[in-house]
file entry_39.cif (mmCIF, C-alpha atoms)
data_protein
loop_
_atom_site.group_PDB
_atom_site.id
_atom_site.type_symbol
_atom_site.label_atom_id
_atom_site.label_comp_id
_atom_site.auth_asym_id
_atom_site.auth_seq_id
_atom_site.Cartn_x
_atom_site.Cartn_y
_atom_site.Cartn_z
ATOM 1 C CA MET Q 1 -12.423 -26.568 7.916
ATOM 2 C CA LEU Q 2 -14.671 -24.177 6.040
ATOM 3 C CA THR Q 3 -15.882 -24.548 2.486
ATOM 4 C CA ILE Q 4 -15.380 -21.582 0.178
ATOM 5 C CA HIS Q 5 -19.040 -20.613 0.639
ATOM 6 C CA GLN Q 6 -18.695 -20.694 4.432
ATOM 7 C CA MET Q 7 -15.454 -18.728 4.208
ATOM 8 C CA ALA Q 8 -17.196 -16.070 2.121
ATOM 9 C CA GLU Q 9 -20.134 -15.858 4.532
ATOM 10 C CA ARG Q 10 -17.908 -15.586 7.592
ATOM 11 C CA THR Q 11 -15.453 -13.004 6.219
ATOM 12 C CA GLY Q 12 -17.523 -10.965 3.764
ATOM 13 C CA VAL Q 13 -14.992 -11.664 0.991
ATOM 14 C CA THR Q 14 -16.742 -12.865 -2.145
ATOM 15 C CA ILE Q 15 -16.381 -16.371 -3.534
ATOM 16 C CA ARG Q 16 -15.056 -14.885 -6.759
ATOM 17 C CA ALA Q 17 -12.358 -12.975 -4.872
ATOM 18 C CA LEU Q 18 -11.359 -16.089 -2.897
ATOM 19 C CA ARG Q 19 -11.054 -18.063 -6.113
ATOM 20 C CA TYR Q 20 -8.930 -15.308 -7.616
ATOM 21 C CA TYR Q 21 -6.705 -15.186 -4.516
ATOM 22 C CA ASP Q 22 -6.175 -18.932 -4.944
ATOM 23 C CA LYS Q 23 -5.481 -18.561 -8.648
ATOM 24 C CA ILE Q 24 -2.667 -16.027 -8.109
ATOM 25 C CA GLY Q 25 -1.229 -17.954 -5.160
ATOM 26 C CA LEU Q 26 -2.136 -15.313 -2.585
ATOM 27 C CA LEU Q 27 -4.489 -17.469 -0.502
ATOM 28 C CA PRO Q 28 -4.479 -21.162 -1.454
ATOM 29 C CA PRO Q 29 -6.947 -23.340 0.458
ATOM 30 C CA GLY Q 30 -5.576 -25.380 3.316
ATOM 31 C CA ALA Q 31 -6.897 -28.557 1.719
ATOM 32 C CA VAL Q 32 -9.049 -29.815 -1.134
ATOM 33 C CA SER Q 33 -11.821 -32.320 -0.494
ATOM 34 C CA PRO Q 34 -12.046 -35.593 -2.450
ATOM 35 C CA ALA Q 35 -14.838 -33.939 -4.418
ATOM 36 C CA GLY Q 36 -12.537 -31.058 -5.366
ATOM 37 C CA TYR Q 37 -13.914 -28.390 -2.995
ATOM 38 C CA ARG Q 38 -11.569 -25.811 -1.480
ATOM 39 C CA LEU Q 39 -11.318 -26.023 2.332
ATOM 40 C CA TYR Q 40 -10.012 -23.299 4.640
ATOM 41 C CA GLY Q 41 -8.768 -23.594 8.214
ATOM 42 C CA PRO Q 42 -7.493 -21.241 10.965
ATOM 43 C CA ALA Q 43 -4.187 -20.585 9.157
ATOM 44 C CA GLU Q 44 -6.020 -19.416 6.040
ATOM 45 C CA LEU Q 45 -8.344 -17.214 8.111
ATOM 46 C CA GLU Q 46 -5.331 -15.596 9.760
ATOM 47 C CA ARG Q 47 -3.626 -15.047 6.409
ATOM 48 C CA LEU Q 48 -6.823 -13.522 5.008
ATOM 49 C CA GLN Q 49 -6.876 -11.093 7.947
ATOM 50 C CA GLN Q 50 -3.410 -9.882 6.935
ATOM 51 C CA ILE Q 51 -4.437 -9.636 3.278
ATOM 52 C CA LEU Q 52 -7.506 -7.552 4.101
ATOM 53 C CA PHE Q 53 -5.512 -5.169 6.243
ATOM 54 C CA PHE Q 54 -2.980 -4.544 3.478
ATOM 55 C CA ARG Q 55 -5.897 -4.105 1.064
ATOM 56 C CA GLU Q 56 -7.323 -1.472 3.437
ATOM 57 C CA LEU Q 57 -4.020 0.370 2.960
ATOM 58 C CA GLU Q 58 -4.487 -0.017 -0.825
ATOM 59 C CA PHE Q 59 -1.529 -2.337 -1.408
ATOM 60 C CA PRO Q 60 -1.868 -4.152 -4.763
ATOM 61 C CA LEU Q 61 -2.553 -7.860 -4.443
ATOM 62 C CA ALA Q 62 0.758 -8.808 -6.029
ATOM 63 C CA GLU Q 63 2.664 -6.703 -3.493
ATOM 64 C CA ILE Q 64 0.741 -8.311 -0.635
ATOM 65 C CA LYS Q 65 1.703 -11.722 -1.978
ATOM 66 C CA ALA Q 66 5.374 -10.711 -2.080
ATOM 67 C CA ILE Q 67 5.264 -9.284 1.456
ATOM 68 C CA LEU Q 68 3.699 -12.413 2.941
ATOM 69 C CA ALA Q 69 6.132 -14.637 1.021
ATOM 70 C CA SER Q 70 9.182 -12.881 2.479
ATOM 71 C CA PRO Q 71 11.184 -15.167 4.809
ATOM 72 C CA ALA Q 72 11.772 -12.083 6.969
ATOM 73 C CA TYR Q 73 8.052 -11.305 7.335
ATOM 74 C CA ASP Q 74 7.318 -10.729 11.001
ATOM 75 C CA ARG Q 75 3.649 -11.220 11.866
ATOM 76 C CA THR Q 76 4.007 -9.627 15.308
ATOM 77 C CA ALA Q 77 5.755 -6.545 13.920
ATOM 78 C CA ALA Q 78 3.100 -6.239 11.214
ATOM 79 C CA LEU Q 79 0.250 -6.538 13.719
ATOM 80 C CA THR Q 80 1.859 -3.968 16.015
ATOM 81 C CA ALA Q 81 2.114 -1.432 13.208
ATOM 82 C CA GLN Q 82 -1.393 -2.276 12.021
ATOM 83 C CA ARG Q 83 -2.742 -1.673 15.514
ATOM 84 C CA ALA Q 84 -1.127 1.771 15.546
ATOM 85 C CA LEU Q 85 -2.704 2.631 12.192
ATOM 86 C CA LEU Q 86 -6.127 1.434 13.271
ATOM 87 C CA ARG Q 87 -5.891 3.565 16.398
ATOM 88 C CA ALA Q 88 -4.972 6.563 14.258
ATOM 89 C CA LYS Q 89 -7.996 5.882 12.058
ATOM 90 C CA ARG Q 90 -10.199 5.515 15.135
ATOM 91 C CA ASP Q 91 -8.902 8.826 16.510
ATOM 92 C CA ARG Q 92 -9.837 10.564 13.267
ATOM 93 C CA LEU Q 93 -13.342 9.056 13.299
ATOM 94 C CA ASP Q 94 -13.728 10.059 16.954
ATOM 95 C CA GLY Q 95 -12.861 13.605 15.927
ATOM 96 C CA LEU Q 96 -15.541 13.554 13.237
ATOM 97 C CA LEU Q 97 -18.097 12.244 15.727
ATOM 98 C CA ARG Q 98 -17.212 15.029 18.178
ATOM 99 C CA LEU Q 99 -17.663 17.536 15.366
ATOM 100 C CA VAL Q 100 -21.121 16.152 14.540
ATOM 101 C CA GLU Q 101 -22.140 16.222 18.200
ATOM 102 C CA ALA Q 102 -20.912 19.793 18.545
ATOM 103 C CA ALA Q 103 -22.761 20.771 15.360
ATOM 104 C CA LEU Q 104 -25.991 19.339 16.740
ATOM 105 C CA LYS Q 105 -25.533 21.576 19.782
ATOM 106 C CA GLY Q 106 -24.576 24.599 17.669
ATOM 107 C CA GLU Q 107 -21.094 24.681 19.172
ATOM 108 C CA THR Q 108 -18.848 24.154 16.132
ATOM 109 C CA THR Q 109 -16.015 26.447 15.094
ATOM 110 C CA MET Q 110 -14.045 26.652 11.847
ATOM 111 C CA GLU Q 111 -10.958 25.389 13.657
ATOM 112 C CA MET Q 112 -12.840 22.320 14.903
ATOM 113 C CA ALA Q 113 -14.098 21.542 11.395
ATOM 114 C CA PHE Q 114 -10.701 21.852 9.736
ATOM 115 C CA THR Q 115 -9.086 19.705 12.419
ATOM 116 C CA ALA Q 116 -11.729 16.977 12.186
ATOM 117 C CA PHE Q 117 -11.636 16.723 8.388
ATOM 118 C CA ASP Q 118 -7.858 16.873 8.114
ATOM 119 C CA ARG Q 119 -6.635 13.501 6.795
ATOM 120 C CA ALA Q 120 -3.004 14.520 6.444
ATOM 121 C CA GLY Q 121 -1.809 12.943 9.700
ATOM 122 C CA TYR Q 122 -3.489 9.601 9.126
ATOM 123 C CA GLU Q 123 -2.461 9.443 5.459
ATOM 124 C CA GLU Q 124 1.161 10.212 6.332
ATOM 125 C CA LYS Q 125 1.137 7.357 8.856
ATOM 126 C CA CYS Q 126 -0.193 5.046 6.128
ATOM 127 C CA ARG Q 127 2.549 6.161 3.731
ATOM 128 C CA ALA Q 128 5.176 5.740 6.438
ATOM 129 C CA TYR Q 129 3.938 2.210 7.128
ATOM 130 C CA ALA Q 130 4.017 1.383 3.410
ATOM 131 C CA ARG Q 131 7.616 2.610 3.222
ATOM 132 C CA GLU Q 132 8.498 0.540 6.298
ATOM 133 C CA VAL Q 133 6.902 -2.578 4.815
ATOM 134 C CA LYS Q 134 8.844 -2.221 1.578
ATOM 135 C CA ALA Q 135 12.082 -1.519 3.431
ATOM 136 C CA ARG Q 136 11.651 -4.517 5.756
ATOM 137 C CA TRP Q 137 10.250 -7.150 3.444
ATOM 138 C CA GLY Q 138 10.654 -5.800 -0.084
ATOM 139 C CA ASP Q 139 14.194 -6.991 -0.786
ATOM 140 C CA THR Q 140 13.221 -10.526 -1.721
ATOM 141 C CA ALA Q 141 13.003 -12.619 -4.851
ATOM 142 C CA ALA Q 142 9.203 -12.659 -4.551
ATOM 143 C CA TRP Q 143 9.084 -8.864 -4.382
ATOM 144 C CA LYS Q 144 11.371 -8.492 -7.421
ATOM 145 C CA GLU Q 145 9.270 -11.026 -9.318
ATOM 146 C CA ASN Q 146 6.166 -9.001 -8.454
ATOM 147 C CA GLN Q 147 7.736 -5.801 -9.751
ATOM 148 C CA GLU Q 148 8.725 -7.520 -12.995
ATOM 149 C CA ARG Q 149 5.221 -8.929 -13.388
ATOM 150 C CA GLN Q 150 3.690 -5.502 -12.838
ATOM 151 C CA GLN Q 151 5.982 -3.953 -15.435
ATOM 152 C CA SER Q 152 5.284 -6.694 -17.974
ATOM 153 C CA GLY Q 153 1.520 -6.512 -17.425
ATOM 154 C CA GLU Q 154 1.311 -10.237 -16.672
ATOM 155 C CA GLU Q 155 -1.290 -9.634 -13.940
ATOM 156 C CA THR Q 156 -4.811 -9.911 -15.333
ATOM 157 C CA ALA Q 157 -6.105 -6.384 -14.845
ATOM 158 C CA TRP Q 158 -9.767 -7.155 -15.328
ATOM 159 C CA GLU Q 159 -9.823 -9.946 -12.765
ATOM 160 C CA ALA Q 160 -8.007 -7.797 -10.220
ATOM 161 C CA ALA Q 161 -10.429 -4.927 -10.812
ATOM 162 C CA GLN Q 162 -13.408 -7.272 -10.451
ATOM 163 C CA ALA Q 163 -12.080 -8.681 -7.193
ATOM 164 C CA GLU Q 164 -11.582 -5.157 -5.877
ATOM 165 C CA ALA Q 165 -15.113 -4.159 -6.895
ATOM 166 C CA GLU Q 166 -16.614 -7.142 -5.132
ATOM 167 C CA GLU Q 167 -14.605 -6.398 -1.985
ATOM 168 C CA LEU Q 168 -16.041 -2.867 -1.972
ATOM 169 C CA ILE Q 169 -19.607 -4.108 -2.517
ATOM 170 C CA ALA Q 170 -19.135 -6.586 0.343
ATOM 171 C CA ALA Q 171 -17.967 -3.695 2.526
ATOM 172 C CA PHE Q 172 -21.114 -1.741 1.612
ATOM 173 C CA ALA Q 173 -23.161 -4.799 2.563
ATOM 174 C CA ARG Q 174 -21.476 -4.950 5.970
ATOM 175 C CA SER Q 175 -22.149 -1.224 6.443
ATOM 176 C CA ARG Q 176 -25.934 -1.617 6.180
ATOM 177 C CA PRO Q 177 -26.515 -1.131 9.926
ATOM 178 C CA LEU Q 178 -24.866 2.303 9.637
ATOM 179 C CA PRO Q 179 -26.631 5.418 8.289
ATOM 180 C CA PRO Q 180 -25.508 6.449 4.787
ATOM 181 C CA GLU Q 181 -24.012 9.694 6.117
ATOM 182 C CA HIS Q 182 -21.710 7.827 8.518
ATOM 183 C CA PRO Q 183 -18.039 8.673 7.820
ATOM 184 C CA GLN Q 184 -17.205 5.003 7.238
ATOM 185 C CA VAL Q 185 -19.935 4.683 4.599
ATOM 186 C CA GLN Q 186 -18.955 7.965 2.967
ATOM 187 C CA ALA Q 187 -15.322 6.850 2.804
ATOM 188 C CA LEU Q 188 -16.470 3.661 1.045
ATOM 189 C CA THR Q 189 -18.416 5.781 -1.448
ATOM 190 C CA GLY Q 190 -15.311 7.799 -2.233
ATOM 191 C CA ARG Q 191 -13.380 4.586 -2.796
ATOM 192 C CA TRP Q 192 -16.168 3.320 -5.089
ATOM 193 C CA GLN Q 193 -15.973 6.486 -7.193
ATOM 194 C CA ALA Q 194 -12.171 6.197 -7.347
ATOM 195 C CA HIS Q 195 -12.423 2.525 -8.337
ATOM 196 C CA ILE Q 196 -14.745 3.314 -11.247
ATOM 197 C CA THR Q 197 -12.460 6.122 -12.432
ATOM 198 C CA ARG Q 198 -9.342 3.980 -12.118
ATOM 199 C CA HIS Q 199 -10.675 0.904 -13.892
ATOM 200 C CA HIS Q 200 -13.535 2.002 -16.142
ATOM 201 C CA TYR Q 201 -14.143 5.678 -16.941
ATOM 202 C CA CYS Q 202 -13.943 9.154 -15.388
ATOM 203 C CA CYS Q 203 -16.614 9.007 -12.703
ATOM 204 C CA THR Q 204 -17.643 12.602 -12.072
ATOM 205 C CA ARG Q 205 -20.109 13.628 -9.373
ATOM 206 C CA GLN Q 206 -22.890 13.713 -11.973
ATOM 207 C CA THR Q 207 -21.945 10.258 -13.261
ATOM 208 C CA LEU Q 208 -21.828 8.810 -9.764
ATOM 209 C CA ALA Q 209 -25.191 10.358 -8.917
ATOM 210 C CA GLY Q 210 -26.668 8.740 -12.038
ATOM 211 C CA LEU Q 211 -25.272 5.358 -11.007
ATOM 212 C CA GLY Q 212 -26.796 5.779 -7.569
ATOM 213 C CA GLU Q 213 -30.173 6.405 -9.145
ATOM 214 C CA LEU Q 214 -29.808 3.204 -11.177
ATOM 215 C CA TYR Q 215 -28.942 1.262 -8.019
ATOM 216 C CA ARG Q 216 -32.159 2.618 -6.512
ATOM 217 C CA THR Q 217 -34.549 2.079 -9.442
ATOM 218 C CA ASP Q 218 -33.128 -0.524 -11.827
ATOM 219 C CA GLN Q 219 -34.058 -4.084 -10.857
ATOM 220 C CA ARG Q 220 -31.036 -5.532 -12.658
ATOM 221 C CA PHE Q 221 -28.611 -3.496 -10.564
ATOM 222 C CA GLN Q 222 -30.612 -4.270 -7.424
ATOM 223 C CA ALA Q 223 -30.549 -7.999 -8.108
ATOM 224 C CA TYR Q 224 -26.798 -7.975 -8.690
ATOM 225 C CA LEU Q 225 -25.846 -5.836 -5.661
ATOM 226 C CA ASP Q 226 -28.302 -7.551 -3.328
ATOM 227 C CA GLN Q 227 -26.462 -10.836 -3.860
ATOM 228 C CA TRP Q 228 -24.268 -9.526 -1.030
ATOM 229 C CA GLY Q 229 -27.357 -9.093 1.166
ATOM 230 C CA THR Q 230 -30.787 -7.558 0.734
ATOM 231 C CA GLY Q 231 -30.549 -3.803 1.045
ATOM 232 C CA THR Q 232 -27.002 -3.457 -0.314
ATOM 233 C CA ALA Q 233 -28.212 -1.640 -3.444
ATOM 234 C CA ALA Q 234 -30.346 0.690 -1.334
ATOM 235 C CA GLN Q 235 -27.420 1.402 1.002
ATOM 236 C CA MET Q 236 -25.128 2.251 -1.908
ATOM 237 C CA ALA Q 237 -27.774 4.461 -3.524
ATOM 238 C CA ALA Q 238 -28.416 6.366 -0.297
ATOM 239 C CA ALA Q 239 -24.683 6.743 0.415
ATOM 240 C CA ILE Q 240 -24.075 8.093 -3.091
ATOM 241 C CA ALA Q 241 -26.939 10.588 -2.717
ATOM 242 C CA VAL Q 242 -25.385 11.933 0.490
ATOM 243 C CA TYR Q 243 -21.880 11.924 -0.984
ATOM 244 C CA CYS Q 244 -22.842 13.765 -4.168
ATOM 245 C CA GLY Q 245 -24.977 16.230 -2.242
ATOM 246 C CA ALA Q 246 -22.035 17.045 0.004
ATOM 247 C CA GLN Q 247 -19.752 17.471 -3.011
ATOM 248 C CA GLU Q 248 -22.287 19.778 -4.657
ATOM 249 C CA GLU Q 249 -22.451 21.928 -1.538
ATOM 250 C CA ASP Q 250 -18.666 22.057 -1.307
ATOM 251 C CA ALA Q 251 -18.414 23.168 -4.945
ATOM 252 C CA SER Q 252 -21.121 25.869 -4.734
ATOM 253 C CA PRO Q 253 -19.949 29.505 -4.582
ATOM 254 C CA LYS Q 254 -19.765 30.897 -1.082
ATOM 255 C CA LYS Q 255 -21.217 34.353 -0.462
#
call {"tool": "encode", "arguments": {"input": "entry_39.cif", "output": "structure tokens"}}
result
Amino acid sequence: MLTIHQMAERTGVTIRALRYYDKIGLLPPGAVSPAGYRLYGPAELERLQQILFFRELEFPLAEIKAILASPAYDRTAALTAQRALLRAKRDRLDGLLRLVEAALKGETTMEMAFTAFDRAGYEEKCRAYAREVKARWGDTAAWKENQERQQSGEETAWEAAQAEAEELIAAFARSRPLPPEHPQVQALTGRWQAHITRHHYCCTRQTLAGLGELYRTDQRFQAYLDQWGTGTAAQMAAAIAVYCGAQEEDASPKK
């Protein structure tokens, strides 16, 4: 059995997020020690794997809870569909890597670029999977309760937003071995911008660039972000610089 600190270290999910998952009944610990510490075993690790995959597809936490609570939930069917989606994501990243390699050799064409950056196929597969999930496992009391809770606003928005933010920061921390221009890191940066806009304020390119500068120079931001591992603040700052530079180039008039 793992303590909550060991669980966080092994999975990259923050302690705060794990506590929140327990609070809303999404991921209760497998046991509680006599001293009151949460303990997690193989079953909880497996459940967390499912939670993280649905989070990758941007399912709200309450919907994930309803899906996993469905008596009809089929782990094998879910894993099979998840494997197909991951392969589709890998194929898209492989296309981007081929584009970069061709660009380094001076062999790119407009058709290659448009094909590599096209997300439509992968996004449609994600939407199709979401529809399949809701059709298979959405007609349950847990699902209906979730919908009612969402409509009534019972879910604590701030706590959910905080858990999401910490998941993204943890993902940035795990991405430190990758260069900031890597497609995976750039996708994280886009999600970070969208998270800020969705939960706090309109995060324009200029606003995001300013935040990146703070992550690079302000010791308070560095101390907070580097709780997830030394260099996390620097990785986020560098990724934002690349991301905003690319957006600026895309928005500039073409002659």
call {"tool": "resolve_selection", "arguments": {"input": "entry_39.cif", "expression": "the PyMOL selection byres ((chain Q and resi 236) around 10)", "output": "PyMOL selection string"}}
result
chain Q and resi 169+172-173+175-176+180+185-186+188-189+192+211-213+215-216+225+231-235+237-242
call {"tool": "residues_around", "arguments": {"input": "entry_39.cif", "residues": "Tyr37 in chain Q", "least_positions_apart": "6", "cutoff": "9 Å", "atoms": "all atoms listed in the file", "output": "list in words"}}
result
Thr3, Ile4 and Ala31 of chain Q
call {"tool": "resolve_selection", "arguments": {"input": "entry_39.cif", "expression": "the PyMOL selection byres ((chain Q and resi 194) around 12)", "output": "list in words"}}
result
Glu58, Ala161, Glu164, Ala165, Leu168, Ala187, Leu188, Thr189, Gly190, Arg191, Trp192, Gln193, His195, Ile196, Thr197, Arg198, His199, His200, Tyr201, Cys202, Cys203, Thr204, Arg205 and Leu208 of chain Q
call {"tool": "write_last_selection", "arguments": {"input": "entry_39.cif", "atoms": "C-alpha atoms", "output": "compact mmCIF listing (two decimals), in the coordinates of the input"}}
result
# COMPACT_ATOMS: atom_id res chain seq x y z
CA GLU Q 58 -4.49 -0.02 -0.82
CA ALA Q 161 -10.43 -4.93 -10.81
CA GLU Q 164 -11.58 -5.16 -5.88
CA ALA Q 165 -15.11 -4.16 -6.90
CA LEU Q 168 -16.04 -2.87 -1.97
CA ALA Q 187 -15.32 6.85 2.80
CA LEU Q 188 -16.47 3.66 1.04
CA THR Q 189 -18.42 5.78 -1.45
CA GLY Q 190 -15.31 7.80 -2.23
CA ARG Q 191 -13.38 4.59 -2.80
CA TRP Q 192 -16.17 3.32 -5.09
CA GLN Q 193 -15.97 6.49 -7.19
CA HIS Q 195 -12.42 2.52 -8.34
CA ILE Q 196 -14.74 3.31 -11.25
CA THR Q 197 -12.46 6.12 -12.43
CA ARG Q 198 -9.34 3.98 -12.12
CA HIS Q 199 -10.68 0.90 -13.89
CA HIS Q 200 -13.54 2.00 -16.14
CA TYR Q 201 -14.14 5.68 -16.94
CA CYS Q 202 -13.94 9.15 -15.39
CA CYS Q 203 -16.61 9.01 -12.70
CA THR Q 204 -17.64 12.60 -12.07
CA ARG Q 205 -20.11 13.63 -9.37
CA LEU Q 208 -21.83 8.81 -9.76
call {"tool": "closest_residue", "arguments": {"input": "entry_39.cif", "among": "Q:Leu85, Q:Ala72, Q:Val100, Q:Ala17", "to": "Phe53 in chain Q", "atoms": "all atoms listed in the file"}}
result
Q:Leu85
call {"tool": "atom_distance", "arguments": {"input": "entry_39.cif", "atom1": "CA of Glu44 in chain Q", "atom2": "CA of Leu61 in chain Q"}}
result
16.0 Å
call {"tool": "atom_distance", "arguments": {"input": "entry_39.cif", "atom1": "CA of Gly41 in chain Q", "atom2": "CA of Ile24 in chain Q"}}
result
19.0 Å
call {"tool": "resolve_selection", "arguments": {"input": "entry_39.cif", "expression": "the PyMOL selection byres ((chain Q and resi 68) around 10)", "output": "list in words"}}
result
Leu26, Arg47, Gln50, Ile51, Glu63, Ile64, Lys65, Ala66, Ile67, Ala69, Ser70, Pro71, Ala72, Tyr73, Asp74, Arg75, Trp137, Ala142 and Trp143 of chain Q
call {"tool": "atom_distance", "arguments": {"input": "entry_39.cif", "atom1": "CA of Thr207 in chain Q", "atom2": "CA of Ala170 in chain Q"}}
result
21.8 Å
call {"tool": "axis_aligned_box", "arguments": {"input": "entry_39.cif", "around": "range 7-19 of chain Q", "padding_each_side": "4 Å", "output": "JSON"}}
result
{"center_x": -15.6, "center_y": -14.8, "center_z": 0.4, "size_x": 17.1, "size_y": 15.8, "size_z": 22.4}
call {"tool": "closest_residue", "arguments": {"input": "entry_39.cif", "among": "Q:Ala43, Q:Arg127, Q:Tyr224, Q:Leu178", "to": "Phe59 in chain Q", "atoms": "all atoms listed in the file"}}
result
Q:Arg127
call {"tool": "closest_residue", "arguments": {"input": "entry_39.cif", "among": "Q:Ala78, Q:Leu39, Q:Ala160, Q:Leu86", "to": "Lys23 in chain Q", "atoms": "only C-alpha atoms"}}
result
Q:Ala160
call {"tool": "build_atoms", "arguments": {"input": "entry_39.cif", "residues": "range 11-18 of chain Q", "atoms": "all heavy atoms", "output": "short mmCIF file (atom, residue, chain, number, x, y, z; two decimals), in the coordinates of the input"}}
result
data_model
loop_
_atom_site.label_atom_id
_atom_site.label_comp_id
_atom_site.auth_asym_id
_atom_site.auth_seq_id
_atom_site.Cartn_x
_atom_site.Cartn_y
_atom_site.Cartn_z
N THR Q 11 -16.40 -14.12 6.34
CA THR Q 11 -15.45 -13.00 6.22
C THR Q 11 -15.98 -11.82 5.41
O THR Q 11 -15.42 -10.73 5.50
CB THR Q 11 -14.15 -13.49 5.56
OG1 THR Q 11 -14.43 -13.92 4.21
CG2 THR Q 11 -13.55 -14.65 6.34
N GLY Q 12 -17.03 -12.04 4.62
CA GLY Q 12 -17.52 -10.96 3.76
C GLY Q 12 -16.75 -10.82 2.46
O GLY Q 12 -17.05 -9.95 1.65
N VAL Q 13 -15.74 -11.66 2.25
CA VAL Q 13 -14.99 -11.66 0.99
C VAL Q 13 -15.73 -12.57 0.02
O VAL Q 13 -16.14 -13.67 0.38
CB VAL Q 13 -13.55 -12.17 1.20
CG1 VAL Q 13 -12.79 -12.23 -0.12
CG2 VAL Q 13 -12.81 -11.27 2.18
N THR Q 14 -15.91 -12.11 -1.20
CA THR Q 14 -16.74 -12.86 -2.14
C THR Q 14 -16.07 -14.16 -2.58
O THR Q 14 -14.84 -14.30 -2.53
CB THR Q 14 -17.04 -12.03 -3.40
OG1 THR Q 14 -15.82 -11.80 -4.11
CG2 THR Q 14 -17.67 -10.70 -3.04
N ILE Q 15 -16.89 -15.11 -3.02
CA ILE Q 15 -16.38 -16.37 -3.53
C ILE Q 15 -15.47 -16.12 -4.73
O ILE Q 15 -14.41 -16.74 -4.85
CB ILE Q 15 -17.55 -17.29 -3.91
CG1 ILE Q 15 -18.32 -17.73 -2.65
CG2 ILE Q 15 -17.06 -18.52 -4.69
CD1 ILE Q 15 -19.58 -18.50 -2.94
N ARG Q 16 -15.88 -15.19 -5.58
CA ARG Q 16 -15.06 -14.88 -6.76
C ARG Q 16 -13.68 -14.39 -6.34
O ARG Q 16 -12.65 -14.77 -6.93
CB ARG Q 16 -15.77 -13.85 -7.63
CG ARG Q 16 -15.05 -13.56 -8.95
CD ARG Q 16 -15.72 -12.42 -9.69
NE ARG Q 16 -15.06 -12.17 -10.96
CZ ARG Q 16 -15.48 -12.62 -12.11
NH1 ARG Q 16 -16.57 -13.36 -12.17
NH2 ARG Q 16 -14.83 -12.33 -13.23
N ALA Q 17 -13.64 -13.50 -5.34
CA ALA Q 17 -12.36 -12.98 -4.87
C ALA Q 17 -11.50 -14.09 -4.27
O ALA Q 17 -10.30 -14.16 -4.52
CB ALA Q 17 -12.58 -11.87 -3.84
N LEU Q 18 -12.11 -14.98 -3.48
CA LEU Q 18 -11.36 -16.09 -2.90
C LEU Q 18 -10.78 -17.00 -3.98
O LEU Q 18 -9.64 -17.47 -3.87
CB LEU Q 18 -12.26 -16.89 -1.95
CG LEU Q 18 -12.65 -16.18 -0.65
CD1 LEU Q 18 -13.72 -16.99 0.09
CD2 LEU Q 18 -11.44 -15.96 0.25
#
